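Text of start15.txt, listed as compact mmCIF, C-alpha atoms and all ligand atoms:
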# COMPACT_ATOMS: atom_id res chain seq x y z
CA MET Y 15 109.86 100.77 102.42
CA PRO Y 16 109.50 101.09 106.22
CA ALA Y 17 107.82 104.32 107.32
CA PRO Y 18 108.40 106.21 110.54
CA ILE Y 19 105.42 106.67 112.84
CA LEU Y 20 106.22 109.80 114.81
CA LEU Y 21 104.83 110.06 118.35
CA TYR Y 22 104.13 113.40 120.01
CA HIS Y 23 102.26 114.22 123.23
CA GLN Y 24 101.95 117.96 123.97
CA ILE Y 25 102.85 120.82 121.62
CA ASP Y 26 103.30 123.78 123.93
CA ILE Y 27 105.79 125.97 125.78
CA PRO Y 28 107.61 123.42 128.00
CA PRO Y 29 106.97 123.73 131.77
CA SER Y 30 109.68 124.57 134.31
CA ARG Y 31 112.67 122.31 134.92
CA ARG Y 32 112.30 119.17 137.06
CA THR Y 33 108.69 118.77 135.94
CA PRO Y 34 108.03 115.04 135.31
CA PHE Y 35 107.74 114.15 131.63
CA ARG Y 36 108.83 117.65 130.59
CA SER Y 37 110.57 116.00 127.64
CA MET Y 38 107.14 115.09 126.26
CA VAL Y 39 106.25 118.77 125.68
CA VAL Y 40 107.59 119.90 122.30
CA HIS Y 41 107.76 123.65 121.69
CA PRO Y 42 105.41 124.87 118.91
CA HIS Y 43 108.37 126.40 117.01
CA ALA Y 44 110.28 123.11 117.17
CA PHE Y 45 107.21 121.23 115.96
CA ARG Y 46 106.78 123.61 113.02
CA ASN Y 47 110.46 123.26 112.09
CA GLN Y 48 110.21 119.47 112.26
CA MET Y 49 107.19 119.45 109.95
CA LEU Y 50 109.01 121.82 107.56
CA TRP Y 51 111.96 119.41 107.60
CA LEU Y 52 109.69 116.53 106.70
CA LYS Y 53 108.32 118.51 103.79
CA ARG Y 54 111.80 119.55 102.64
CA LEU Y 55 112.96 115.93 102.79
CA GLY Y 56 110.10 114.99 100.50
CA TYR Y 57 107.91 113.25 103.07
CA ARG Y 58 104.14 113.44 103.19
CA GLY Y 59 102.91 113.59 106.74
CA LEU Y 60 99.84 111.34 107.04
CA SER Y 61 97.47 109.96 109.62
CA LEU Y 62 98.11 106.33 110.50
CA ARG Y 63 94.95 105.35 108.57
CA GLU Y 64 96.33 106.92 105.39
CA ALA Y 65 99.87 105.68 105.98
CA MET Y 66 98.90 102.02 106.48
CA PRO Y 67 98.93 101.03 102.77
CA TYR Y 68 102.53 102.30 102.62
CA ILE Y 69 103.50 100.54 105.87
CA ARG Y 70 101.98 97.31 104.58
CA GLY Y 71 103.94 97.65 101.34
CA GLU Y 72 100.79 97.95 99.19
CA ARG Y 73 101.78 101.42 98.02
CA THR Y 74 105.13 103.06 97.59
CA GLY Y 75 106.04 106.62 98.49
CA LYS Y 76 107.90 108.64 101.05
CA VAL Y 77 105.50 109.00 103.96
CA ALA Y 78 105.73 109.58 107.69
CA ALA Y 79 102.76 108.88 109.96
CA ILE Y 80 102.19 111.61 112.55
CA THR Y 81 100.52 110.60 115.82
CA PHE Y 82 99.63 112.46 119.01
CA ASP Y 83 98.83 110.49 122.17
CA ASP Y 84 96.34 111.70 124.81
CA GLY Y 85 94.24 114.24 122.82
CA PHE Y 86 95.59 117.48 124.27
CA LEU Y 87 93.98 120.82 123.50
CA ASN Y 88 97.42 122.30 122.78
CA VAL Y 89 97.72 119.90 119.82
CA PHE Y 90 94.49 121.33 118.43
CA GLU Y 91 95.72 124.89 119.05
CA ASN Y 92 99.39 124.61 118.11
CA ALA Y 93 99.88 121.61 115.83
CA LEU Y 94 96.70 121.58 113.77
CA PRO Y 95 97.38 124.95 112.06
CA VAL Y 96 100.85 123.72 111.02
CA LEU Y 97 99.47 120.44 109.67
CA ARG Y 98 96.88 122.38 107.67
CA GLU Y 99 99.45 124.84 106.34
CA LEU Y 100 101.57 121.98 104.97
CA GLY Y 101 98.72 119.79 103.78
CA PHE Y 102 99.56 117.07 106.31
CA THR Y 103 97.16 114.95 108.34
CA ALA Y 104 97.68 113.12 111.64
CA THR Y 105 96.14 110.67 114.09
CA GLY Y 106 95.11 111.74 117.59
CA PHE Y 107 94.67 109.02 120.21
CA PHE Y 108 92.10 110.18 122.74
CA VAL Y 109 91.63 109.32 126.43
CA VAL Y 110 87.88 109.07 126.10
CA SER Y 111 86.78 109.78 129.70
CA GLN Y 112 88.80 113.01 129.56
CA ILE Y 113 87.40 114.49 126.34
CA GLY Y 114 86.71 118.07 127.45
CA GLY Y 115 88.67 117.34 130.67
CA SER Y 116 92.37 117.17 131.44
CA ASN Y 117 95.33 114.83 132.02
CA GLU Y 118 94.02 113.44 135.35
CA TRP Y 119 96.03 110.24 134.85
CA ASP Y 120 99.30 112.24 134.89
CA ARG Y 121 98.51 114.40 137.92
CA VAL Y 122 99.37 111.74 140.51
CA ILE Y 123 102.99 111.81 139.35
CA GLY Y 124 103.23 115.61 139.39
CA VAL Y 125 102.68 116.48 135.73
CA PRO Y 126 101.09 119.96 135.45
CA GLU Y 127 97.48 120.13 134.36
CA ALA Y 128 96.89 120.24 130.62
CA ARG Y 129 93.44 120.41 129.03
CA CYS Y 130 92.18 117.85 126.54
CA MET Y 131 90.18 118.56 123.39
CA SER Y 132 86.40 118.80 123.72
CA ALA Y 133 83.99 116.66 121.68
CA ALA Y 134 83.42 119.62 119.33
CA GLN Y 135 87.17 120.06 118.82
CA LEU Y 136 87.57 116.33 118.26
CA ARG Y 137 84.89 116.50 115.55
CA GLU Y 138 86.64 119.46 113.95
CA TRP Y 139 89.95 117.58 114.08
CA ALA Y 140 88.28 114.72 112.18
CA ALA Y 141 86.39 116.97 109.76
CA LEU Y 142 89.72 118.44 108.65
CA GLY Y 143 90.87 114.99 107.50
CA ASN Y 144 92.63 113.86 110.66
CA GLU Y 145 92.09 110.49 112.26
CA VAL Y 146 90.60 109.82 115.70
CA GLY Y 147 91.89 106.76 117.53
CA SER Y 148 91.39 105.35 121.03
CA HIS Y 149 93.85 105.51 123.92
CA THR Y 150 91.39 103.73 126.32
CA LEU Y 151 88.79 105.33 128.59
CA ASP Y 152 91.06 106.28 131.49
CA HIS Y 153 94.69 105.90 130.35
CA VAL Y 154 95.13 102.70 132.36
CA HIS Y 155 98.04 100.26 132.53
CA LEU Y 156 96.28 97.61 130.44
CA PRO Y 157 98.37 94.52 131.32
CA GLU Y 158 97.68 95.13 135.03
CA GLN Y 159 93.89 95.17 134.60
CA PRO Y 160 91.61 92.18 135.11
CA ALA Y 161 90.45 90.87 131.72
CA ASP Y 162 86.94 92.35 132.01
CA GLU Y 163 88.23 95.80 132.82
CA ALA Y 164 90.91 95.73 130.11
CA ARG Y 165 88.26 94.72 127.58
CA ARG Y 166 85.90 97.48 128.76
CA GLN Y 167 88.67 100.08 128.36
CA ILE Y 168 89.33 98.88 124.81
CA VAL Y 169 85.77 98.18 123.60
CA ARG Y 170 83.82 100.97 125.31
CA SER Y 171 86.26 103.70 124.29
CA ARG Y 172 85.83 102.71 120.65
CA GLY Y 173 82.02 102.76 120.92
CA MET Y 174 82.00 106.17 122.60
CA LEU Y 175 84.32 107.69 119.99
CA GLU Y 176 82.18 106.28 117.21
CA ASP Y 177 79.09 107.83 118.85
CA ILE Y 178 80.81 111.23 118.94
CA LEU Y 179 82.14 110.98 115.39
CA GLY Y 180 79.49 109.00 113.55
CA GLU Y 181 82.20 106.98 111.83
CA GLU Y 182 84.26 103.87 112.41
CA VAL Y 183 87.32 104.05 114.67
CA LEU Y 184 90.18 101.91 113.36
CA SER Y 185 93.25 102.68 115.42
CA PHE Y 186 94.35 102.20 119.00
CA SER Y 187 97.35 103.26 121.05
CA TYR Y 188 98.38 101.35 124.22
CA PRO Y 189 98.78 103.74 127.21
CA TYR Y 190 102.42 103.88 128.41
CA GLY Y 191 103.18 101.59 125.46
CA GLN Y 192 102.26 98.70 127.76
CA GLU Y 193 100.82 95.71 125.99
CA GLY Y 194 101.21 92.00 125.41
CA GLU Y 195 99.59 89.08 123.65
CA ARG Y 196 96.32 89.48 125.60
CA CYS Y 197 96.05 93.21 124.83
CA ARG Y 198 96.73 92.73 121.14
CA ARG Y 199 94.08 90.02 120.92
CA MET Y 200 91.47 92.16 122.72
CA VAL Y 201 92.20 95.13 120.47
CA ARG Y 202 91.84 92.98 117.36
CA GLU Y 203 88.60 91.39 118.65
CA ALA Y 204 87.17 94.84 119.45
CA GLY Y 205 87.26 95.70 115.74
CA TYR Y 206 90.31 97.95 115.53
CA ARG Y 207 92.51 97.41 112.47
CA TYR Y 208 95.88 98.44 113.92
CA ALA Y 209 97.56 99.56 117.13
CA THR Y 210 100.70 101.44 118.05
CA THR Y 211 103.22 100.80 120.81
CA THR Y 212 106.19 102.83 122.02
CA ARG Y 213 108.68 100.21 120.81
CA ARG Y 214 111.22 102.12 118.75
CA GLY Y 215 111.64 101.66 115.05
CA SER Y 216 110.16 102.29 111.63
CA ALA Y 217 107.03 100.34 110.72
CA GLY Y 218 107.07 97.96 107.78
CA PRO Y 219 105.31 94.96 106.22
CA GLY Y 220 107.01 92.58 108.69
CA ASP Y 221 105.40 94.22 111.74
CA ASP Y 222 102.31 92.91 113.53
CA VAL Y 223 99.73 95.63 112.75
CA PHE Y 224 98.61 95.39 116.41
CA GLY Y 225 102.11 96.20 117.65
CA LEU Y 226 103.44 98.94 115.39
CA PRO Y 227 106.65 100.63 116.55
CA ARG Y 228 106.95 104.41 116.76
CA ALA Y 229 109.59 107.10 117.13
CA THR Y 230 108.98 109.41 120.10
CA VAL Y 231 109.89 113.04 119.43
CA ARG Y 232 111.16 114.76 122.57
CA ARG Y 233 111.47 118.39 123.66
CA ASN Y 234 115.25 118.56 123.31
CA ASP Y 235 115.64 116.57 120.09
CA THR Y 236 117.97 118.35 117.69
CA TRP Y 237 117.19 118.36 113.98
CA LEU Y 238 119.72 115.55 113.65
CA HIS Y 239 117.85 113.42 116.21
CA PHE Y 240 114.67 114.18 114.35
CA LEU Y 241 116.19 113.30 111.00
CA LYS Y 242 117.44 109.97 112.38
CA LYS Y 243 113.94 109.15 113.62
CA CYS Y 244 112.52 109.84 110.17
CA LEU Y 245 114.99 107.69 108.28
CA ALA Y 246 113.88 104.24 107.32
CA GLY Y 247 115.56 101.45 109.23
CA TYR Y 248 115.83 103.50 112.43
CA SER Y 249 117.41 100.97 114.75
CA SER Y 250 115.34 98.97 117.21
CA ALA Y 251 115.86 99.48 120.91
CA PRO Y 252 114.02 98.51 124.12
CA ALA Y 253 110.60 100.06 124.64
CA SER Y 254 110.43 103.27 126.60
CA MET Y 255 107.78 104.21 129.17
CA ASP Y 256 105.99 106.97 127.31
ZN ZN L 301 99.27 108.39 126.75
Go through the file and emit its structure as structure tokens.
Ligand SMILES: [Zn+2]
Amino acid sequence: MPAPILLYHQIDIPPSRRTPFRSMVVHPHAFRNQMLWLKRLGYRGLSLREAMPYIRGERTGKVAAITFDDGFLNVFENALPVLRELGFTATGFFVVSQIGGSNEWDRVIGVPEARCMSAAQLREWAALGNEVGSHTLDHVHLPEQPADEARRQIVRSRGMLEDILGEEVLSFSYPYGQEGERCRRMVREAGYRYATTTRRGSAGPGDDVFGLPRATVRRNDTWLHFLKKCLAGYSSAPASMD
């Protein structure tokens, strides 16, 4: 049965109107309600690592993978307590050069500053059963990079995360959802087991594990939008620039 892989960025009070990418900031109350909905609908919210056997069709069960791109501190502060309360786990994809820093990569387009988790918070995130994945070193547009630099972003970020965690890092998320044949190959060769895009859809056994589709949850999604994103067979549509 295909499983939804939900994609969140920030869980916080949304910034003022006309702020770029405001739709990527989901209010903590909305996030809590969405997780309660999942539970009520009989879903188990799991990290990508734990959800993969279901996505591959090796196990059956009603699961939704929960992922957070960028490694924001507000996810640690506002989402983690909800996940713990409901017995859910999730995957965080970290911008490794900004661990303990902020969303520098977003600032050039006018996104307000938001802090990223520190190494200690990342370790706590993992110690509580959540997964740590890579989102490159610097949140670069991978297809635009020379091969050496793209490989460095993919390989080095994994090594640094493994040094912080003391365990293997299996998952990767392409910044801006931008990827292609070359990126997928580099990610596979670097030792990751699976990677997520921003292509819309539910993930199933027919998907390339290095190009898994996700469902982006946005600030103004109604519960009906959310429900649709959770339902298996959520229709495919062109990739968005998240
Ligand atoms: Zn990102």
Using only C-alpha atoms and all ligand atoms, which residues have at least one atom no more than 8 Å from ligand ZN 301 (chain L)? Output them as number ranges by chain. Y: 23, 83-84, 109, 149, 153, 187-191, 256
Compute the distance from (99.3, 116.0, 113.5) to each atom, counting all atoms listed in the file, keep the residues with any atom at most 12 Å away, and return them as a PDB file with C-alpha atoms, keeping the file's coordinate frame; use the coordinates of the file.
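Written file, part-v5.pdb:
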ATOM      1  CA  ILE Y  19     105.420 106.670 112.840  1.00  0.00           C
ATOM      2  CA  LEU Y  20     106.220 109.800 114.810  1.00  0.00           C
ATOM      3  CA  LEU Y  21     104.830 110.060 118.350  1.00  0.00           C
ATOM      4  CA  TYR Y  22     104.130 113.400 120.010  1.00  0.00           C
ATOM      5  CA  HIS Y  23     102.260 114.220 123.230  1.00  0.00           C
ATOM      6  CA  GLN Y  24     101.950 117.960 123.970  1.00  0.00           C
ATOM      7  CA  ILE Y  25     102.850 120.820 121.620  1.00  0.00           C
ATOM      8  CA  PHE Y  45     107.210 121.230 115.960  1.00  0.00           C
ATOM      9  CA  ARG Y  46     106.780 123.610 113.020  1.00  0.00           C
ATOM     10  CA  GLN Y  48     110.210 119.470 112.260  1.00  0.00           C
ATOM     11  CA  MET Y  49     107.190 119.450 109.950  1.00  0.00           C
ATOM     12  CA  ARG Y  58     104.140 113.440 103.190  1.00  0.00           C
ATOM     13  CA  GLY Y  59     102.910 113.590 106.740  1.00  0.00           C
ATOM     14  CA  LEU Y  60      99.840 111.340 107.040  1.00  0.00           C
ATOM     15  CA  SER Y  61      97.470 109.960 109.620  1.00  0.00           C
ATOM     16  CA  LEU Y  62      98.110 106.330 110.500  1.00  0.00           C
ATOM     17  CA  ALA Y  78     105.730 109.580 107.690  1.00  0.00           C
ATOM     18  CA  ALA Y  79     102.760 108.880 109.960  1.00  0.00           C
ATOM     19  CA  ILE Y  80     102.190 111.610 112.550  1.00  0.00           C
ATOM     20  CA  THR Y  81     100.520 110.600 115.820  1.00  0.00           C
ATOM     21  CA  PHE Y  82      99.630 112.460 119.010  1.00  0.00           C
ATOM     22  CA  ASP Y  83      98.830 110.490 122.170  1.00  0.00           C
ATOM     23  CA  GLY Y  85      94.240 114.240 122.820  1.00  0.00           C
ATOM     24  CA  PHE Y  86      95.590 117.480 124.270  1.00  0.00           C
ATOM     25  CA  ASN Y  88      97.420 122.300 122.780  1.00  0.00           C
ATOM     26  CA  VAL Y  89      97.720 119.900 119.820  1.00  0.00           C
ATOM     27  CA  PHE Y  90      94.490 121.330 118.430  1.00  0.00           C
ATOM     28  CA  GLU Y  91      95.720 124.890 119.050  1.00  0.00           C
ATOM     29  CA  ASN Y  92      99.390 124.610 118.110  1.00  0.00           C
ATOM     30  CA  ALA Y  93      99.880 121.610 115.830  1.00  0.00           C
ATOM     31  CA  LEU Y  94      96.700 121.580 113.770  1.00  0.00           C
ATOM     32  CA  PRO Y  95      97.380 124.950 112.060  1.00  0.00           C
ATOM     33  CA  VAL Y  96     100.850 123.720 111.020  1.00  0.00           C
ATOM     34  CA  LEU Y  97      99.470 120.440 109.670  1.00  0.00           C
ATOM     35  CA  ARG Y  98      96.880 122.380 107.670  1.00  0.00           C
ATOM     36  CA  GLU Y  99      99.450 124.840 106.340  1.00  0.00           C
ATOM     37  CA  LEU Y 100     101.570 121.980 104.970  1.00  0.00           C
ATOM     38  CA  GLY Y 101      98.720 119.790 103.780  1.00  0.00           C
ATOM     39  CA  PHE Y 102      99.560 117.070 106.310  1.00  0.00           C
ATOM     40  CA  THR Y 103      97.160 114.950 108.340  1.00  0.00           C
ATOM     41  CA  ALA Y 104      97.680 113.120 111.640  1.00  0.00           C
ATOM     42  CA  THR Y 105      96.140 110.670 114.090  1.00  0.00           C
ATOM     43  CA  GLY Y 106      95.110 111.740 117.590  1.00  0.00           C
ATOM     44  CA  PHE Y 107      94.670 109.020 120.210  1.00  0.00           C
ATOM     45  CA  TRP Y 139      89.950 117.580 114.080  1.00  0.00           C
ATOM     46  CA  ALA Y 140      88.280 114.720 112.180  1.00  0.00           C
ATOM     47  CA  LEU Y 142      89.720 118.440 108.650  1.00  0.00           C
ATOM     48  CA  GLY Y 143      90.870 114.990 107.500  1.00  0.00           C
ATOM     49  CA  ASN Y 144      92.630 113.860 110.660  1.00  0.00           C
ATOM     50  CA  GLU Y 145      92.090 110.490 112.260  1.00  0.00           C
ATOM     51  CA  VAL Y 146      90.600 109.820 115.700  1.00  0.00           C
TER      52      VAL Y 146
END
For a quick check of understanding, using only C-alpha atoms, which of Y:Ser30, Y:Ala128, Y:Ser37, Y:Arg228 has the smallest distance to Gly115 of chain Y? Y:Ala128
Emit as AutoDock Vina command-line options the padded axis-aligned box for all listed atoms of segment 174-187 of chain Y, 5 Å per side, with centre and edge lengths in Å to one decimal.
--center_x 88.2 --center_y 106.6 --center_z 117.2 --size_x 28.3 --size_y 19.3 --size_z 20.8
Using all atoms listed in the file, can you tell me which of Y:Leu175, Y:Ala134, Y:Val77, Y:Ala209 comes closest to Ser111 of chain Y? Y:Leu175
I'd like the contact shell of Asn234 of chain Y - 12 Å cut-off, all atoms listed in the file, skipping same-chain residues fewer than 4 positions apart - returned as a list in words. Pro28, Arg36, Ser37, Met38, Val39, Val40, His41, Ala44, Phe45, Thr230, Leu238, His239 and Phe240 of chain Y
Here is a test: counting only C-alpha atoms, which residue of Y:Gly114, Y:Pro157, Y:Gly56, Y:Gly180 is nearest to Leu87 of chain Y? Y:Gly114
Find the distance between atom CA of Arg73 of chain Y and atom CA of Asn47 of chain Y and write it in Å to one decimal. 27.4 Å
Within 12 Å of Gly71 of chain Y, counting all atoms listed in the file, which residues show up once you throw out same-chain ones fewer than 3 positions away? Write them as a list in words, please. Met15, Pro16, Ala17, Ala65, Met66, Pro67, Tyr68, Thr74, Gly75, Lys76, Val77, Ala217, Gly218, Pro219, Gly220 and Asp221 of chain Y
In Å, rounded to a single decimal, give me how far atom CA of Leu55 of chain Y is from atom CA of Thr236 of chain Y. 15.9 Å
Can you tell me how far atom CA of Ile178 of chain Y sits from atom CA of Pro160 of chain Y, in Å to one decimal? 27.2 Å
